[in-house]
>>> print(open('coords16.txt').read())   # compact mmCIF, C-alpha atoms
# COMPACT_ATOMS: atom_id res chain seq x y z
CA MET K 1 -49.06 111.92 76.34
CA ASP K 2 -45.66 113.63 76.49
CA MET K 3 -45.60 117.29 77.48
CA LEU K 4 -44.05 120.09 75.43
CA PHE K 5 -41.13 122.20 76.71
CA ASP K 6 -41.13 125.81 75.44
CA THR K 7 -37.52 126.74 76.15
CA HIS K 8 -37.91 130.46 75.32
CA ALA K 9 -40.94 132.73 75.83
CA HIS K 10 -41.26 136.32 77.06
CA TYR K 11 -44.34 136.45 79.29
CA ASP K 12 -43.07 139.63 80.94
CA ASP K 13 -43.76 141.34 77.59
CA ASP K 14 -46.57 143.92 77.64
CA ALA K 15 -48.31 141.97 74.84
CA PHE K 16 -49.53 139.70 77.66
CA ASP K 17 -50.68 142.40 80.07
CA ALA K 18 -54.39 141.70 79.47
CA ASP K 19 -54.38 137.93 80.10
CA ARG K 20 -50.94 136.81 81.34
CA GLU K 21 -52.12 134.96 84.45
CA ALA K 22 -54.95 133.09 82.74
CA LEU K 23 -52.80 132.22 79.74
CA LEU K 24 -49.97 130.79 81.84
CA ALA K 25 -52.38 128.91 84.11
CA ALA K 26 -53.94 127.25 81.05
CA MET K 27 -50.69 125.99 79.52
CA PRO K 28 -50.49 122.54 81.18
CA GLY K 29 -54.01 121.89 79.89
CA ARG K 30 -52.74 122.70 76.40
CA GLY K 31 -49.94 120.16 76.73
CA VAL K 32 -47.15 122.56 77.71
CA GLY K 33 -45.36 121.20 80.78
CA ARG K 34 -42.46 123.66 81.11
CA ILE K 35 -41.64 127.18 79.96
CA VAL K 36 -38.41 129.17 80.38
CA ASN K 37 -38.92 132.96 80.47
CA PRO K 38 -35.66 134.85 79.78
CA GLY K 39 -35.15 138.44 80.89
CA CYS K 40 -33.86 141.14 78.53
CA THR K 41 -33.11 143.83 81.14
CA VAL K 42 -32.57 143.79 84.89
CA ALA K 43 -36.22 144.82 85.34
CA SER K 44 -37.64 142.16 83.00
CA SER K 45 -35.33 139.57 84.58
CA ARG K 46 -36.90 140.45 87.93
CA GLN K 47 -40.37 140.01 86.38
CA ALA K 48 -39.32 136.63 84.98
CA VAL K 49 -38.22 135.49 88.45
CA GLU K 50 -41.55 136.65 89.90
CA LEU K 51 -43.54 134.74 87.26
CA ALA K 52 -41.50 131.59 87.92
CA ALA K 53 -42.34 131.88 91.61
CA ARG K 54 -46.08 131.97 90.82
CA PHE K 55 -46.36 129.08 88.35
CA ASP K 56 -44.97 125.60 88.91
CA HIS K 57 -44.30 125.06 85.21
CA VAL K 58 -42.53 128.40 84.60
CA TYR K 59 -38.79 128.93 85.04
CA ALA K 60 -36.66 132.05 84.58
CA ALA K 61 -33.41 133.14 82.99
CA VAL K 62 -31.83 136.50 83.84
CA GLY K 63 -29.80 138.67 81.51
CA ILE K 64 -29.37 141.79 79.42
CA HIS K 65 -30.27 141.54 75.73
CA PRO K 66 -27.90 143.22 73.26
CA GLU K 67 -30.66 145.57 72.06
CA ASN K 68 -31.20 146.70 75.67
CA CYS K 69 -27.60 147.23 76.81
CA GLY K 70 -27.23 150.91 75.95
CA ASP K 71 -27.43 152.03 79.60
CA TYR K 72 -25.16 149.22 80.86
CA GLN K 73 -23.32 149.65 84.12
CA PRO K 74 -21.09 147.05 85.85
CA SER K 75 -23.46 147.14 88.84
CA PHE K 76 -26.05 145.41 86.66
CA ILE K 77 -23.96 142.22 86.96
CA ASP K 78 -24.34 142.34 90.74
CA GLU K 79 -28.12 142.65 90.33
CA LEU K 80 -28.21 139.73 87.89
CA ARG K 81 -26.04 137.65 90.24
CA ALA K 82 -28.50 138.18 93.09
CA LEU K 83 -31.47 137.32 90.85
CA ALA K 84 -29.69 134.23 89.48
CA LYS K 85 -29.52 132.79 92.98
CA GLN K 86 -33.32 132.81 93.30
CA PRO K 87 -35.15 129.48 93.04
CA LYS K 88 -36.07 128.37 89.51
CA VAL K 89 -33.51 130.55 87.71
CA VAL K 90 -32.00 128.07 85.26
CA ALA K 91 -29.78 130.20 82.96
CA ILE K 92 -28.18 133.54 82.17
CA GLY K 93 -30.06 135.01 79.23
CA GLU K 94 -31.13 136.39 76.90
CA ILE K 95 -27.63 137.62 76.05
CA GLY K 96 -25.62 137.94 72.86
CA LEU K 97 -25.04 140.21 69.88
CA ASP K 98 -27.45 141.89 67.48
CA TYR K 99 -26.12 143.75 64.44
CA TYR K 100 -29.46 143.84 62.61
CA TRP K 101 -30.75 147.22 63.74
CA ALA K 102 -28.65 150.28 62.91
CA GLU K 103 -29.84 152.01 66.10
CA ASN K 104 -28.65 149.19 68.36
CA PRO K 105 -25.98 149.97 71.00
CA PRO K 106 -22.39 150.12 69.66
CA ARG K 107 -20.84 146.76 68.88
CA GLU K 108 -17.96 147.29 71.30
CA LEU K 109 -20.45 147.79 74.15
CA GLN K 110 -22.43 144.71 73.08
CA HIS K 111 -19.18 142.70 73.17
CA ARG K 112 -18.32 143.93 76.66
CA VAL K 113 -21.80 143.19 78.05
CA LEU K 114 -21.76 139.70 76.51
CA ARG K 115 -18.32 138.94 77.96
CA ASP K 116 -19.33 140.20 81.41
CA GLN K 117 -22.42 137.96 81.40
CA LEU K 118 -20.50 134.92 80.13
CA ALA K 119 -18.08 135.49 83.00
CA LEU K 120 -21.05 135.54 85.39
CA ALA K 121 -22.34 132.28 83.91
CA THR K 122 -18.89 130.76 84.40
CA GLU K 123 -18.85 131.90 88.03
CA LEU K 124 -22.35 130.57 88.75
CA GLU K 125 -21.97 127.41 86.62
CA LEU K 126 -25.16 128.21 84.71
CA PRO K 127 -25.95 127.63 81.02
CA VAL K 128 -26.63 130.64 78.82
CA ILE K 129 -29.29 131.58 76.27
CA ILE K 130 -27.61 133.26 73.30
CA HIS K 131 -29.23 135.75 70.92
CA ASP K 132 -27.21 135.97 67.69
CA ARG K 133 -28.67 138.11 64.93
CA ASP K 134 -26.47 138.93 61.93
CA ALA K 135 -23.43 138.52 64.20
CA HIS K 136 -22.46 134.87 63.75
CA ALA K 137 -18.66 135.22 63.52
CA ASP K 138 -18.31 137.60 66.48
CA THR K 139 -20.76 135.69 68.69
CA LEU K 140 -18.96 132.42 68.03
CA ALA K 141 -15.55 134.00 68.65
CA ILE K 142 -16.65 135.44 72.00
CA VAL K 143 -18.32 132.27 73.29
CA GLU K 144 -15.14 130.39 72.36
CA GLU K 145 -13.32 132.59 74.90
CA PHE K 146 -15.44 130.93 77.63
CA PRO K 147 -15.02 127.18 77.04
CA GLN K 148 -16.58 126.26 80.40
CA VAL K 149 -19.89 127.84 79.33
CA THR K 150 -22.45 126.19 77.10
CA GLY K 151 -26.18 126.60 76.61
CA VAL K 152 -28.43 127.25 73.65
CA PHE K 153 -28.27 129.45 70.56
CA HIS K 154 -31.93 130.40 70.50
CA CYS K 155 -33.75 130.97 67.19
CA PHE K 156 -30.68 129.50 65.53
CA ALA K 157 -30.07 131.14 62.16
CA GLY K 158 -26.53 130.03 61.41
CA SER K 159 -25.26 127.60 58.80
CA VAL K 160 -25.04 123.82 58.96
CA GLU K 161 -21.30 124.24 59.52
CA MET K 162 -21.80 126.63 62.43
CA GLY K 163 -24.40 124.29 63.91
CA ARG K 164 -21.94 121.40 63.72
CA LYS K 165 -19.24 123.44 65.42
CA LEU K 166 -21.56 124.48 68.26
CA VAL K 167 -22.73 120.90 68.78
CA GLU K 168 -19.06 119.80 68.96
CA MET K 169 -18.55 122.47 71.63
CA GLY K 170 -21.47 121.13 73.67
CA TRP K 171 -24.19 123.62 72.70
CA TYR K 172 -27.88 123.13 71.93
CA LEU K 173 -29.73 124.74 69.00
CA GLY K 174 -33.17 126.28 69.53
CA PHE K 175 -35.83 126.46 66.83
CA ASN K 176 -39.16 128.28 66.78
CA GLY K 177 -41.88 129.44 64.42
CA ALA K 178 -39.32 130.94 62.03
CA ALA K 179 -38.51 127.37 60.94
CA THR K 180 -42.08 127.07 59.62
CA PHE K 181 -41.93 130.19 57.43
CA LYS K 182 -41.98 129.70 53.66
CA ASN K 183 -38.72 131.64 53.26
CA ALA K 184 -36.90 129.53 55.89
CA ARG K 185 -33.75 128.16 54.25
CA LYS K 186 -31.01 127.52 56.78
CA ALA K 187 -33.16 126.32 59.69
CA PRO K 188 -34.60 123.27 57.87
CA GLU K 189 -31.09 122.35 56.68
CA VAL K 190 -29.68 122.51 60.22
CA ILE K 191 -32.67 120.61 61.65
CA ALA K 192 -32.04 117.86 59.07
CA ASP K 193 -28.31 117.72 59.86
CA ALA K 194 -27.92 118.24 63.62
CA PRO K 195 -28.17 115.43 66.19
CA LEU K 196 -31.72 115.23 67.54
CA SER K 197 -30.19 115.13 71.02
CA ARG K 198 -29.14 118.78 70.61
CA LEU K 199 -32.37 120.32 69.33
CA VAL K 200 -34.79 122.21 71.57
CA ILE K 201 -38.08 123.87 70.68
CA GLU K 202 -39.26 127.34 71.65
CA THR K 203 -41.77 130.01 70.67
CA ASP K 204 -40.06 133.36 71.47
CA SER K 205 -43.58 134.44 72.41
CA PRO K 206 -45.12 136.90 71.69
CA TYR K 207 -42.99 136.97 68.51
CA LEU K 208 -42.39 134.65 65.53
CA THR K 209 -45.76 132.89 65.56
CA PRO K 210 -45.63 129.70 63.46
CA VAL K 211 -47.51 129.18 60.22
CA PRO K 212 -50.54 129.12 59.86
CA TYR K 213 -50.97 131.68 62.66
CA ARG K 214 -48.17 134.01 61.54
CA GLY K 215 -49.04 137.64 62.27
CA GLN K 216 -51.00 136.83 65.43
CA ARG K 217 -49.65 137.02 68.98
CA ASN K 218 -47.60 133.92 69.77
CA ASP K 219 -47.90 131.84 72.93
CA SER K 220 -46.46 128.56 74.20
CA GLY K 221 -49.43 126.53 72.98
CA TYR K 222 -48.09 126.95 69.44
CA VAL K 223 -44.77 125.25 70.28
CA ARG K 224 -46.32 121.97 69.12
CA LEU K 225 -46.23 123.34 65.55
CA VAL K 226 -42.44 123.64 65.84
CA ALA K 227 -42.24 120.01 66.98
CA GLU K 228 -44.42 119.05 64.01
CA ARG K 229 -42.07 120.87 61.62
CA ILE K 230 -39.03 119.07 63.04
CA ALA K 231 -40.89 115.76 62.83
CA ALA K 232 -41.74 116.40 59.17
CA ILE K 233 -38.14 117.30 58.29
CA ARG K 234 -36.71 114.28 60.12
CA GLY K 235 -39.40 111.80 59.09
CA LEU K 236 -40.34 111.09 62.70
CA ASP K 237 -43.53 110.83 64.72
CA VAL K 238 -44.30 114.15 66.41
CA GLU K 239 -44.71 112.47 69.81
CA GLU K 240 -41.12 111.20 69.55
CA VAL K 241 -39.88 114.72 68.79
CA ILE K 242 -41.87 116.08 71.76
CA ARG K 243 -40.35 113.45 74.07
CA ILE K 244 -36.78 114.00 72.81
CA THR K 245 -36.96 117.80 72.96
CA TRP K 246 -38.38 117.59 76.50
CA GLU K 247 -35.41 115.48 77.57
CA ASN K 248 -33.02 117.85 75.78
CA GLY K 249 -34.53 120.90 77.49
CA CYS K 250 -34.21 119.23 80.88
CA ARG K 251 -30.55 118.38 80.20
CA LEU K 252 -29.80 121.86 78.89
CA PHE K 253 -31.22 123.58 81.98
CA LYS K 254 -30.09 120.88 84.45
CA MET K 255 -33.62 119.98 85.54
CA ASP K 256 -35.11 116.68 86.64
CA HIS K 257 -36.93 114.97 83.79
>>> encode(input="coords16.txt", output="structure tokens")
Amino acid sequence: MDMLFDTHAHYDDDAFDADREALLAAMPGRGVGRIVNPGCTVASSRQAVELAARFDHVYAAVGIHPENCGDYQPSFIDELRALAKQPKVVAIGEIGLDYYWAENPPRELQHRVLRDQLALATELELPVIIHDRDAHADTLAIVEEFPQVTGVFHCFAGSVEMGRKLVEMGWYLGFNGAATFKNARKAPEVIADAPLSRLVIETDSPYLTPVPYRGQRNDSGYVRLVAERIAAIRGLDVEEVIRITWENGCRLFKMDH
């Protein structure tokens, strides 16, 4: 049986404080062969690196999330650079723009932090994990300034047209439990349109738990439900989707298959 690749899960989150070790240890037995844990601050990036060191099937990304960039200092890039050179760090992320919350850091600061981290990814030749919430035009414009950098737009919420443009530029599109929600409109359209070779699956654990478990804490075991949703939309066998998204995740993060 093919193993699942959860390309985005936050096991450093305090929602997992009670059972983190046991939960992660159990994942291969639940069919999950690889997990990428992105950081959202320098501290959580450090935790992600530590978790990757403890579990064979866990990998890390290091970065500063747009919601968490209010205290940004240029020295943070030096700290991320050092962390990124640790074994099993496969990307810079979670980085991007978030205009959803009014209390988020100023847009100009978010832009600067994103550019600084894209420059770091260019320097280190690493892919990036992009967070883009209600900021499609600006996120796209800024990533276009760094043509050497590609990666994944996680929890992709853009249009079919934006998805096509990103695929042309060499990017992957990540989908999670949000694609299973009854009010999901754009995600199913993009999943139907985009090349299967550019789709990856994720959970964004502990958030965005797929139907029928919506409202409960998410974990990587539920990533199969995302594969099932893609299979249903594309008229494919779920095992084929699991195999293809595994290969895509390995290509995205430059891992052996």
>>> residues_near_point(input="coords16.txt", point="(-26.5, 123.0, 71.9)", cutoff="9 Å", atoms="only C-alpha atoms", output="ChimeraX atom specification")
/K:150-153,163,166-174,197-200,252
>>> closest_residue(input="coords16.txt", among="K:Cys155, K:Ile95, K:Val160, K:Leu126", to="His65 of chain K", atoms="all atoms listed in the file")
K:Ile95
>>> residues_around(input="coords16.txt", residues="segment 68-83 of chain K", least_positions_apart="2", cutoff="12 Å", atoms="all atoms listed in the file", output="PyMOL selection string")
chain K and resi 39-50+52+60-66+85-98+101+103-126
>>> write_last_selection(input="coords16.txt", atoms="C-alpha atoms", output="compact mmCIF listing (two decimals), in the frame of the given file")
# COMPACT_ATOMS: atom_id res chain seq x y z
CA GLY K 39 -35.15 138.44 80.89
CA CYS K 40 -33.86 141.14 78.53
CA THR K 41 -33.11 143.83 81.14
CA VAL K 42 -32.57 143.79 84.89
CA ALA K 43 -36.22 144.82 85.34
CA SER K 44 -37.64 142.16 83.00
CA SER K 45 -35.33 139.57 84.58
CA ARG K 46 -36.90 140.45 87.93
CA GLN K 47 -40.37 140.01 86.38
CA ALA K 48 -39.32 136.63 84.98
CA VAL K 49 -38.22 135.49 88.45
CA GLU K 50 -41.55 136.65 89.90
CA ALA K 52 -41.50 131.59 87.92
CA ALA K 60 -36.66 132.05 84.58
CA ALA K 61 -33.41 133.14 82.99
CA VAL K 62 -31.83 136.50 83.84
CA GLY K 63 -29.80 138.67 81.51
CA ILE K 64 -29.37 141.79 79.42
CA HIS K 65 -30.27 141.54 75.73
CA PRO K 66 -27.90 143.22 73.26
CA LYS K 85 -29.52 132.79 92.98
CA GLN K 86 -33.32 132.81 93.30
CA PRO K 87 -35.15 129.48 93.04
CA LYS K 88 -36.07 128.37 89.51
CA VAL K 89 -33.51 130.55 87.71
CA VAL K 90 -32.00 128.07 85.26
CA ALA K 91 -29.78 130.20 82.96
CA ILE K 92 -28.18 133.54 82.17
CA GLY K 93 -30.06 135.01 79.23
CA GLU K 94 -31.13 136.39 76.90
CA ILE K 95 -27.63 137.62 76.05
CA GLY K 96 -25.62 137.94 72.86
CA LEU K 97 -25.04 140.21 69.88
CA ASP K 98 -27.45 141.89 67.48
CA TRP K 101 -30.75 147.22 63.74
CA GLU K 103 -29.84 152.01 66.10
CA ASN K 104 -28.65 149.19 68.36
CA PRO K 105 -25.98 149.97 71.00
CA PRO K 106 -22.39 150.12 69.66
CA ARG K 107 -20.84 146.76 68.88
CA GLU K 108 -17.96 147.29 71.30
CA LEU K 109 -20.45 147.79 74.15
CA GLN K 110 -22.43 144.71 73.08
CA HIS K 111 -19.18 142.70 73.17
CA ARG K 112 -18.32 143.93 76.66
CA VAL K 113 -21.80 143.19 78.05
CA LEU K 114 -21.76 139.70 76.51
CA ARG K 115 -18.32 138.94 77.96
CA ASP K 116 -19.33 140.20 81.41
CA GLN K 117 -22.42 137.96 81.40
CA LEU K 118 -20.50 134.92 80.13
CA ALA K 119 -18.08 135.49 83.00
CA LEU K 120 -21.05 135.54 85.39
CA ALA K 121 -22.34 132.28 83.91
CA THR K 122 -18.89 130.76 84.40
CA GLU K 123 -18.85 131.90 88.03
CA LEU K 124 -22.35 130.57 88.75
CA GLU K 125 -21.97 127.41 86.62
CA LEU K 126 -25.16 128.21 84.71
>>> closest_atom_pairs(input="coords16.txt", of="segment 204-240 of chain K", to="segment 186-190 of chain K", cutoff="12 Å", atoms="only C-alpha atoms", output="CSV")
residue,atom,partner,partner_atom,distance
K:Val226,CA,K:Pro188,CA,11.2
K:Arg229,CA,K:Pro188,CA,8.7
K:Ile230,CA,K:Pro188,CA,8.0
K:Ala231,CA,K:Pro188,CA,11.0
K:Ala232,CA,K:Pro188,CA,10.0
K:Ile233,CA,K:Pro188,CA,7.0
K:Arg234,CA,K:Pro188,CA,9.5
>>> residues_around(input="coords16.txt", residues="Val223 of chain K", least_positions_apart="2", cutoff="7 Å", atoms="only C-alpha atoms", output="number ranges by chain")
K: 6, 201-203, 220-221, 225-227
>>> write_last_selection(input="coords16.txt", atoms="C-alpha atoms", output="CSV table (one decimal), in the frame of the given file")
chain,number,residue,atom,x,y,z
K,6,ASP,CA,-41.1,125.8,75.4
K,201,ILE,CA,-38.1,123.9,70.7
K,202,GLU,CA,-39.3,127.3,71.6
K,203,THR,CA,-41.8,130.0,70.7
K,220,SER,CA,-46.5,128.6,74.2
K,221,GLY,CA,-49.4,126.5,73.0
K,225,LEU,CA,-46.2,123.3,65.6
K,226,VAL,CA,-42.4,123.6,65.8
K,227,ALA,CA,-42.2,120.0,67.0
>>> residues_around(input="coords16.txt", residues="Arg243 of chain K", least_positions_apart="2", cutoff="10 Å", atoms="only C-alpha atoms", output="ChimeraX atom specification")
/K:1-5,227,238-241,245-248
>>> closest_residue(input="coords16.txt", among="K:Tyr222, K:Tyr99, K:Glu161, K:Ala179", to="Thr139 of chain K", atoms="only C-alpha atoms")
K:Tyr99
>>> residues_around(input="coords16.txt", residues="segment 213-218 of chain K", least_positions_apart="2", cutoff="9 Å", atoms="only C-alpha atoms", output="compact mmCIF listing (two decimals) with C-alpha atoms, in the coordinates of the input")
# COMPACT_ATOMS: atom_id res chain seq x y z
CA ALA K 15 -48.31 141.97 74.84
CA GLY K 177 -41.88 129.44 64.42
CA PHE K 181 -41.93 130.19 57.43
CA THR K 203 -41.77 130.01 70.67
CA ASP K 204 -40.06 133.36 71.47
CA SER K 205 -43.58 134.44 72.41
CA PRO K 206 -45.12 136.90 71.69
CA TYR K 207 -42.99 136.97 68.51
CA LEU K 208 -42.39 134.65 65.53
CA THR K 209 -45.76 132.89 65.56
CA PRO K 210 -45.63 129.70 63.46
CA VAL K 211 -47.51 129.18 60.22
CA SER K 220 -46.46 128.56 74.20
CA GLY K 221 -49.43 126.53 72.98
CA TYR K 222 -48.09 126.95 69.44
>>> atom_distance(input="coords16.txt", atom1="atom CA of Gly158 of chain K", atom2="atom CA of Glu144 of chain K")
15.8 Å
>>> atom_distance(input="coords16.txt", atom1="atom CA of Leu236 of chain K", atom2="atom CA of Arg224 of chain K")
14.0 Å
>>> closest_residue(input="coords16.txt", among="K:Val32, K:Leu196, K:Val128, K:Leu24", to="Gln148 of chain K", atoms="all atoms listed in the file")
K:Val128
>>> closest_residue(input="coords16.txt", among="K:Ala194, K:Lys182, K:Asp219, K:Glu67", to="Tyr11 of chain K", atoms="only C-alpha atoms")
K:Asp219
>>> atom_distance(input="coords16.txt", atom1="atom CA of Pro127 of chain K", atom2="atom CA of Asp56 of chain K")
20.7 Å
